[in-house]
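Content type compact mmCIF, C-alpha atoms and all ligand atoms, from the file query-v9.txt:
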# COMPACT_ATOMS: atom_id res chain seq x y z
CA MET A 1 -46.35 181.33 138.21
CA THR A 2 -46.11 177.54 138.38
CA ARG A 3 -43.21 176.24 136.33
CA ILE A 4 -43.36 172.92 134.51
CA ALA A 5 -40.31 171.42 132.78
CA ALA A 6 -40.35 168.42 130.46
CA VAL A 7 -37.34 166.15 129.98
CA SER A 8 -37.18 164.12 126.78
CA GLY A 9 -34.93 161.06 126.99
CA SER A 10 -34.52 160.30 123.29
CA ARG A 11 -31.63 161.41 121.08
CA SER A 12 -33.66 160.89 117.92
CA ALA A 13 -33.96 164.06 115.82
CA ASP A 14 -37.57 163.14 115.00
CA SER A 15 -38.48 161.86 118.43
CA THR A 16 -42.00 160.63 119.22
CA THR A 17 -41.18 160.97 122.92
CA ARG A 18 -40.37 164.65 122.58
CA ALA A 19 -43.49 165.18 120.45
CA ALA A 20 -45.76 163.47 123.01
CA LEU A 21 -44.17 165.51 125.79
CA ARG A 22 -44.89 168.69 123.84
CA VAL A 23 -48.57 167.70 123.79
CA ALA A 24 -48.50 167.31 127.60
CA LEU A 25 -46.50 170.51 128.01
CA ASP A 26 -48.97 172.48 125.86
CA ALA A 27 -51.80 171.23 128.11
CA ALA A 28 -49.77 172.40 131.13
CA ALA A 29 -49.38 175.83 129.48
CA ASP A 30 -53.14 175.94 128.81
CA ALA A 31 -53.63 175.25 132.53
CA GLY A 32 -51.63 178.41 133.27
CA ALA A 33 -48.07 177.10 133.75
CA GLU A 34 -44.82 178.51 132.44
CA THR A 35 -43.15 175.68 130.48
CA ASP A 36 -39.61 174.62 129.60
CA LEU A 37 -38.60 171.70 127.35
CA ILE A 38 -35.28 170.00 128.08
CA ASP A 39 -34.46 167.97 124.98
CA LEU A 40 -31.60 165.63 125.86
CA ALA A 41 -30.88 165.28 122.12
CA ALA A 42 -29.83 168.93 122.10
CA VAL A 43 -27.65 169.29 125.20
CA ASP A 44 -24.04 168.67 126.08
CA LEU A 45 -24.16 166.13 128.89
CA PRO A 46 -21.18 163.75 129.05
CA LEU A 47 -21.47 160.36 130.69
CA TYR A 48 -21.82 160.99 134.40
CA HIS A 49 -18.51 160.69 136.25
CA PRO A 50 -18.60 160.55 140.06
CA ASP A 51 -15.13 162.12 140.37
CA GLU A 52 -16.03 165.17 138.31
CA GLY A 53 -18.04 168.23 139.32
CA ALA A 54 -19.84 170.18 136.62
CA GLN A 55 -19.73 168.51 133.22
CA GLY A 56 -20.93 170.18 130.00
CA ASP A 57 -24.37 171.71 130.57
CA SER A 58 -24.97 169.80 133.81
CA GLU A 59 -25.23 172.79 136.16
CA ALA A 60 -27.61 174.74 133.92
CA LEU A 61 -29.78 171.65 133.40
CA LYS A 62 -29.91 170.88 137.12
CA ARG A 63 -30.93 174.47 137.80
CA ARG A 64 -33.79 174.20 135.28
CA VAL A 65 -35.07 171.08 137.10
CA ARG A 66 -34.57 172.68 140.53
CA GLU A 67 -36.52 175.76 139.50
CA ALA A 68 -39.43 173.69 138.15
CA ASP A 69 -42.41 172.97 140.41
CA GLY A 70 -43.37 170.01 138.23
CA VAL A 71 -41.50 167.84 135.72
CA LEU A 72 -42.89 165.77 132.86
CA VAL A 73 -40.50 162.91 132.13
CA GLY A 74 -40.59 161.04 128.84
CA THR A 75 -38.43 158.21 127.55
CA PRO A 76 -38.51 155.67 124.78
CA VAL A 77 -38.68 152.05 125.96
CA TYR A 78 -35.23 150.57 125.43
CA ARG A 79 -34.79 146.89 126.27
CA GLY A 80 -37.85 147.02 128.49
CA SER A 81 -36.56 149.95 130.55
CA TYR A 82 -35.73 153.63 130.05
CA SER A 83 -33.06 154.90 127.67
CA SER A 84 -29.40 155.28 128.61
CA THR A 85 -29.78 158.94 127.64
CA PHE A 86 -32.40 159.40 130.34
CA LYS A 87 -30.47 157.28 132.85
CA ASN A 88 -27.45 159.51 132.39
CA PHE A 89 -29.56 162.60 133.11
CA HIS A 90 -31.10 160.78 136.10
CA ASP A 91 -27.63 160.25 137.59
CA PHE A 92 -26.94 164.00 137.56
CA CYS A 93 -30.13 165.04 139.40
CA GLY A 94 -30.95 164.08 142.99
CA SER A 95 -33.31 165.11 145.75
CA ASP A 96 -31.93 168.70 145.68
CA GLU A 97 -33.52 168.93 142.25
CA TYR A 98 -36.69 166.89 142.78
CA GLU A 99 -37.77 167.37 146.40
CA HIS A 100 -41.24 169.01 146.55
CA THR A 101 -41.59 168.42 142.81
CA ALA A 102 -44.55 166.77 141.09
CA VAL A 103 -43.42 164.34 138.40
CA GLY A 104 -45.51 162.88 135.57
CA LEU A 105 -44.29 159.85 133.63
CA LEU A 106 -44.58 159.02 129.93
CA ALA A 107 -43.03 156.21 127.85
CA THR A 108 -43.17 155.50 124.13
CA ALA A 109 -42.69 151.96 122.84
CA GLY A 110 -42.40 150.03 119.59
CA GLY A 111 -44.40 146.81 119.55
CA GLY A 112 -43.56 145.83 123.12
CA SER A 113 -44.65 146.73 126.60
CA TYR A 114 -44.10 150.06 128.36
CA GLY A 115 -45.17 148.78 131.80
CA GLY A 116 -41.67 147.94 133.06
CA THR A 117 -40.30 151.28 131.91
CA LEU A 118 -42.96 153.23 133.81
CA GLU A 119 -42.32 151.10 136.91
CA HIS A 120 -38.56 151.68 136.68
CA LEU A 121 -39.14 155.42 136.38
CA ARG A 122 -41.57 155.41 139.32
CA SER A 123 -39.25 153.50 141.67
CA THR A 124 -36.17 155.53 140.76
CA PHE A 125 -38.04 158.84 141.16
CA ARG A 126 -39.01 157.69 144.65
CA ASN A 127 -35.27 157.45 145.28
CA VAL A 128 -34.86 161.20 144.60
CA HIS A 129 -37.92 162.12 146.72
CA ALA A 130 -40.08 163.23 143.80
CA TRP A 131 -43.88 163.11 144.05
CA THR A 132 -44.83 161.01 141.05
CA VAL A 133 -48.50 161.42 140.15
CA PRO A 134 -50.55 158.21 139.79
CA HIS A 135 -51.73 159.04 136.25
CA GLU A 136 -49.17 157.96 133.63
CA VAL A 137 -48.98 157.54 129.86
CA GLY A 138 -47.62 154.66 127.79
CA ILE A 139 -47.81 154.79 123.99
CA GLN A 140 -47.34 151.47 122.23
CA GLY A 141 -46.63 151.68 118.50
CA ALA A 142 -45.65 155.32 118.98
CA SER A 143 -44.40 155.80 115.41
CA SER A 144 -47.94 155.23 114.08
CA LYS A 145 -49.75 157.26 116.78
CA VAL A 146 -47.55 160.31 117.21
CA GLU A 147 -46.97 162.87 114.46
CA THR A 148 -43.80 164.65 115.45
CA GLY A 149 -44.13 167.80 113.37
CA GLY A 150 -40.63 167.14 112.00
CA PRO A 151 -37.11 167.02 113.41
CA ALA A 152 -36.26 169.63 116.06
CA ASP A 153 -33.67 171.28 113.81
CA ALA A 154 -35.81 171.33 110.66
CA ALA A 155 -37.67 174.37 109.37
CA ALA A 156 -40.91 172.39 109.80
CA SER A 157 -40.33 171.91 113.51
CA ASP A 158 -42.72 174.74 114.24
CA SER A 159 -45.69 172.61 113.19
CA ALA A 160 -47.41 171.30 116.28
CA PRO A 161 -46.91 167.65 117.20
CA ARG A 162 -50.07 165.57 117.35
CA ILE A 163 -51.19 162.31 118.94
CA THR A 164 -53.63 160.81 116.44
CA ASP A 165 -55.23 158.32 118.84
CA ASP A 166 -57.88 160.38 120.68
CA ASP A 167 -57.82 158.37 123.88
CA LEU A 168 -54.02 158.62 124.13
CA ARG A 169 -54.11 162.31 123.30
CA ARG A 170 -56.59 162.93 126.09
CA ARG A 171 -54.51 160.85 128.54
CA THR A 172 -51.39 162.81 127.58
CA GLU A 173 -53.08 166.20 127.92
CA ARG A 174 -54.49 165.08 131.27
CA LEU A 175 -50.97 164.19 132.42
CA GLY A 176 -49.89 167.78 131.75
CA ARG A 177 -52.86 169.20 133.68
CA ILE A 178 -52.47 166.81 136.63
CA VAL A 179 -48.80 167.68 137.03
CA VAL A 180 -49.73 171.38 137.13
CA GLU A 181 -52.41 170.69 139.77
CA HIS A 182 -50.02 168.79 142.02
CA ALA A 183 -47.15 171.21 141.42
CA GLU A 184 -49.43 174.01 142.64
CA ARG A 185 -50.40 171.95 145.69
CA LEU A 186 -46.74 171.26 146.56
CA ARG A 187 -45.84 174.96 146.22
CA GLY A 188 -48.38 175.52 149.00
C1 LIG A 201 -32.02 150.38 121.45
C2 LIG A 201 -33.52 150.28 121.33
C3 LIG A 201 -34.21 149.41 122.14
C4 LIG A 201 -35.60 149.32 122.06
N1 LIG A 201 -36.25 148.45 122.88
C5 LIG A 201 -37.59 148.37 122.80
C6 LIG A 201 -38.30 147.48 123.67
O1 LIG A 201 -37.72 146.79 124.51
N2 LIG A 201 -39.65 147.43 123.55
C7 LIG A 201 -40.34 148.21 122.65
O2 LIG A 201 -41.56 148.13 122.58
N3 LIG A 201 -39.69 149.06 121.82
C8 LIG A 201 -38.35 149.15 121.88
N4 LIG A 201 -37.70 150.04 121.07
C9 LIG A 201 -38.49 150.93 120.20
C10 LIG A 201 -38.66 152.34 120.83
O3 LIG A 201 -39.11 152.26 122.17
C11 LIG A 201 -39.71 153.16 120.07
O4 LIG A 201 -39.36 153.21 118.71
C12 LIG A 201 -39.82 154.56 120.64
O5 LIG A 201 -41.06 155.12 120.29
C13 LIG A 201 -38.73 155.49 120.16
O6 LIG A 201 -38.92 156.76 120.74
P1 LIG A 201 -38.32 158.09 120.04
O7 LIG A 201 -39.07 158.27 118.73
O8 LIG A 201 -38.65 159.17 121.00
O9 LIG A 201 -36.86 157.89 119.87
C14 LIG A 201 -36.31 150.12 121.13
C15 LIG A 201 -35.60 151.00 120.29
C16 LIG A 201 -34.22 151.08 120.39
C17 LIG A 201 -33.48 152.03 119.47

Translate this file's structure into structure tokens.
Amino acid sequence: MTRIAAVSGSRSADSTTRAALRVALDAAADAGAETDLIDLAAVDLPLYHPDEGAQGDSEALKRRVREADGVLVGTPVYRGSYSSTFKNFHDFCGSDEYEHTAVGLLATAGGGSYGGTLEHLRSTFRNVHAWTVPHEVGIQGASSKVETGGPADAAASDSAPRITDDDLRRRTERLGRIVVEHAERLRG
């Protein structure tokens, strides 16, 4: 079965990024994929150190990316780019993890632009030989368009996250399906 992982680059307990990724991941599951959510708010991943080998959960997380045929990547826009939380994860994973992997990009923003963030993700994923799909999702004003379903550790976290803007919801679901399609193609 095709495996799709999602990596959420926000440490917020009530993250709109994680919620939007869950919408994409559910669409991937509906398209027949096995799914896995890597929530960087809930892992032990110290600041990358080039002189160290395994650190915290790094080996298990790298294995989850390596075993995925497709990866949905989501980050909040921070200072016009991606979050330091995501950047740290990015430094741990290289082409061993991403080669032959379809990658779909998603960014959530406040009132500003998500364009630079998506470009930074795209160019840095090229660096690790990932196959980024052309379709991408940017959500401006995410706090008013994404219902998170509650913090990950709250009892209410079982309620499904929702994107209230129909066009954005469709774009996000399409991202999940497109990553499945290309992941299947790359598996051969
Ligand atoms: C440190 C920091 C920097 C931010 N920089 C920007 C920015 O440059 N442009 C923007 O539109 N929003 C910016 N935001 C707002 C976040 O991108 C926005 O609230 C996002 O949806 C948060 O995602 P989350 O709910 O998954 O944490 C910033 C937020 C923080 C905390």

key: Nearest candidate to A:Asp91 (options A:Ile139, A:Tyr48, A:Leu118, A:Gly70; using all atoms listed in the file)   =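 Closest residue, counting all atoms listed in the file: A:Tyr48.
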
Residues up to 8 Å from ligand LIG 201 (chain A), counting only C-alpha atoms and all ligand atoms: could you list those as a tab-separated table (two decimals) with C-alpha atoms, in the coordinates of the input?
chain	number	residue	atom	x	y	z
A	8	SER	CA	-37.18	164.12	126.78
A	9	GLY	CA	-34.93	161.06	126.99
A	10	SER	CA	-34.52	160.30	123.29
A	11	ARG	CA	-31.63	161.41	121.08
A	12	SER	CA	-33.66	160.89	117.92
A	13	ALA	CA	-33.96	164.06	115.82
A	14	ASP	CA	-37.57	163.14	115.00
A	15	SER	CA	-38.48	161.86	118.43
A	16	THR	CA	-42.00	160.63	119.22
A	17	THR	CA	-41.18	160.97	122.92
A	18	ARG	CA	-40.37	164.65	122.58
A	19	ALA	CA	-43.49	165.18	120.45
A	75	THR	CA	-38.43	158.21	127.55
A	76	PRO	CA	-38.51	155.67	124.78
A	77	VAL	CA	-38.68	152.05	125.96
A	78	TYR	CA	-35.23	150.57	125.43
A	79	ARG	CA	-34.79	146.89	126.27
A	80	GLY	CA	-37.85	147.02	128.49
A	81	SER	CA	-36.56	149.95	130.55
A	83	SER	CA	-33.06	154.90	127.67
A	107	ALA	CA	-43.03	156.21	127.85
A	108	THR	CA	-43.17	155.50	124.13
A	109	ALA	CA	-42.69	151.96	122.84
A	110	GLY	CA	-42.40	150.03	119.59
A	111	GLY	CA	-44.40	146.81	119.55
A	112	GLY	CA	-43.56	145.83	123.12
A	113	SER	CA	-44.65	146.73	126.60
A	114	TYR	CA	-44.10	150.06	128.36
A	139	ILE	CA	-47.81	154.79	123.99
A	140	GLN	CA	-47.34	151.47	122.23
A	141	GLY	CA	-46.63	151.68	118.50
A	142	ALA	CA	-45.65	155.32	118.98
A	143	SER	CA	-44.40	155.80	115.41

inquiry  = To one decimal place in Å, what is the distance between atom CA of A:Val7 and atom CA of A:Thr132?
reply    =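 Straight-line distance from atom CA of A:Val7 to atom CA of A:Thr132 works out to 14.3 Å.
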
Write out as a Markdown table the residues of stretch 27-140 of chain A that have any atom within 9 Å of an atom of stretch 174-187 of chain A, one row each with the nearest atom pair and its distance in Å to one decimal, counting only C-alpha atoms, sorted by chain and then rising number.
| residue | atom | partner | partner_atom | distance |
| --- | --- | --- | --- | --- |
| A:Ala27 | CA | A:Gly176 | CA | 5.4 |
| A:Ala28 | CA | A:Gly176 | CA | 4.7 |
| A:Ala29 | CA | A:Gly176 | CA | 8.4 |
| A:Asp30 | CA | A:Arg177 | CA | 8.3 |
| A:Ala31 | CA | A:Arg177 | CA | 6.2 |
| A:Gly32 | CA | A:Val180 | CA | 8.2 |
| A:Ala33 | CA | A:Val180 | CA | 6.8 |
| A:Ala68 | CA | A:Ala183 | CA | 8.7 |
| A:Asp69 | CA | A:Ala183 | CA | 5.2 |
| A:Gly70 | CA | A:Ala183 | CA | 5.1 |
| A:Val71 | CA | A:Val179 | CA | 7.4 |
| A:Leu72 | CA | A:Gly176 | CA | 7.4 |
| A:His100 | CA | A:Leu186 | CA | 5.9 |
| A:Thr101 | CA | A:Ala183 | CA | 6.4 |
| A:Ala102 | CA | A:Ala183 | CA | 5.2 |
| A:Val103 | CA | A:Val179 | CA | 6.5 |
| A:Gly104 | CA | A:Val179 | CA | 6.0 |
| A:Leu105 | CA | A:Leu175 | CA | 8.1 |
| A:Leu106 | CA | A:Leu175 | CA | 8.6 |
| A:Trp131 | CA | A:His182 | CA | 8.6 |
| A:Thr132 | CA | A:Val179 | CA | 8.7 |
| A:Val133 | CA | A:Val179 | CA | 7.0 |
| A:His135 | CA | A:Leu175 | CA | 6.5 |
| A:Glu136 | CA | A:Leu175 | CA | 6.6 |
| A:Val137 | CA | A:Leu175 | CA | 7.4 |

Write out, as a PDB file, in the frame of the given file, the residues just selected, with C-alpha atoms.
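Wrote result-v5.pdb, looks like this:
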ATOM      1  CA  ALA A  27     -51.800 171.230 128.110  1.00  0.00           C
ATOM      2  CA  ALA A  28     -49.770 172.400 131.130  1.00  0.00           C
ATOM      3  CA  ALA A  29     -49.380 175.830 129.480  1.00  0.00           C
ATOM      4  CA  ASP A  30     -53.140 175.940 128.810  1.00  0.00           C
ATOM      5  CA  ALA A  31     -53.630 175.250 132.530  1.00  0.00           C
ATOM      6  CA  GLY A  32     -51.630 178.410 133.270  1.00  0.00           C
ATOM      7  CA  ALA A  33     -48.070 177.100 133.750  1.00  0.00           C
ATOM      8  CA  ALA A  68     -39.430 173.690 138.150  1.00  0.00           C
ATOM      9  CA  ASP A  69     -42.410 172.970 140.410  1.00  0.00           C
ATOM     10  CA  GLY A  70     -43.370 170.010 138.230  1.00  0.00           C
ATOM     11  CA  VAL A  71     -41.500 167.840 135.720  1.00  0.00           C
ATOM     12  CA  LEU A  72     -42.890 165.770 132.860  1.00  0.00           C
ATOM     13  CA  HIS A 100     -41.240 169.010 146.550  1.00  0.00           C
ATOM     14  CA  THR A 101     -41.590 168.420 142.810  1.00  0.00           C
ATOM     15  CA  ALA A 102     -44.550 166.770 141.090  1.00  0.00           C
ATOM     16  CA  VAL A 103     -43.420 164.340 138.400  1.00  0.00           C
ATOM     17  CA  GLY A 104     -45.510 162.880 135.570  1.00  0.00           C
ATOM     18  CA  LEU A 105     -44.290 159.850 133.630  1.00  0.00           C
ATOM     19  CA  LEU A 106     -44.580 159.020 129.930  1.00  0.00           C
ATOM     20  CA  TRP A 131     -43.880 163.110 144.050  1.00  0.00           C
ATOM     21  CA  THR A 132     -44.830 161.010 141.050  1.00  0.00           C
ATOM     22  CA  VAL A 133     -48.500 161.420 140.150  1.00  0.00           C
ATOM     23  CA  HIS A 135     -51.730 159.040 136.250  1.00  0.00           C
ATOM     24  CA  GLU A 136     -49.170 157.960 133.630  1.00  0.00           C
ATOM     25  CA  VAL A 137     -48.980 157.540 129.860  1.00  0.00           C
TER      26      VAL A 137
END

inquiry  = Would you compute the distance between atom CA of A:Glu119 and atom CA of A:Pro151? Give it in Å to one decimal.
reply    = 28.9 Å

request  = May I ask which of the residues A:Glu99, A:Glu52, A:Glu67, A:Glu147 is the closest one to A:Arg169, counting all atoms listed in the file?
outcome  =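 With all atoms listed in the file as the atom set, the closest residue is A:Glu147.
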
request  = Take the point (-51.0, 161.1, 116.3) in the file's coordinates, draw a sphere of radius 8 Å around it, and report as JSON, numbers by chain every protein, DNA or RNA residue with an atom inside or on it, counting all atoms listed in the file.
outcome  = {"A": [144, 145, 146, 147, 161, 162, 163, 164, 165, 169]}

query = For A:Glu59, which of A:Asp36, A:Ala41, A:Cys93, A:Leu21 is the closest residue, counting only C-alpha atoms?
reply =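 Of all the options, A:Cys93 lies closest to A:Glu59.
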
For stretch 19-32 of chain A, I'd like the enclosing box, axis-aligned and padded by 5 Å on every side, reported as lines of an AutoDock Vina configuration file with centre and edge lengths in Å to one decimal.
center_x = -48.6
center_y = 170.9
center_z = 126.9
size_x = 20.1
size_y = 24.9
size_z = 22.8

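Closest approach to A:His120 among A:His49, A:Gly74, A:Thr172, A:Tyr82 is made by A:Tyr82 (distances from all atoms listed in the file).
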
query = If we count all atoms listed in the file, what is near A:Arg66 at a cut-off of 8 Å, once residues fewer than 4 positions away on the same chain are taken out, given as a list in words?
reply = Lys62, Asp96, Glu97 and Tyr98 of chain A

Could the residues in this selection be saved with C-alpha atoms as a compact mmCIF listing (two decimals), in the frame of the given file?
# COMPACT_ATOMS: atom_id res chain seq x y z
CA LYS A 62 -29.91 170.88 137.12
CA ASP A 96 -31.93 168.70 145.68
CA GLU A 97 -33.52 168.93 142.25
CA TYR A 98 -36.69 166.89 142.78

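For the pair atom CA of A:Val43 and atom CA of A:Leu25, the interatomic distance is 19.1 Å.
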
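Distance annotation: of A:Ala54, A:Leu47, A:Ala24, A:Val65, the residue with the minimal separation from A:Ala5 is A:Val65; atom set is only C-alpha atoms.
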
key: Within 9 Å of A:Pro46 using all atoms listed in the file, minus same-chain residues under 6 positions, as a ChimeraX atom specification   = /A:55-58,88
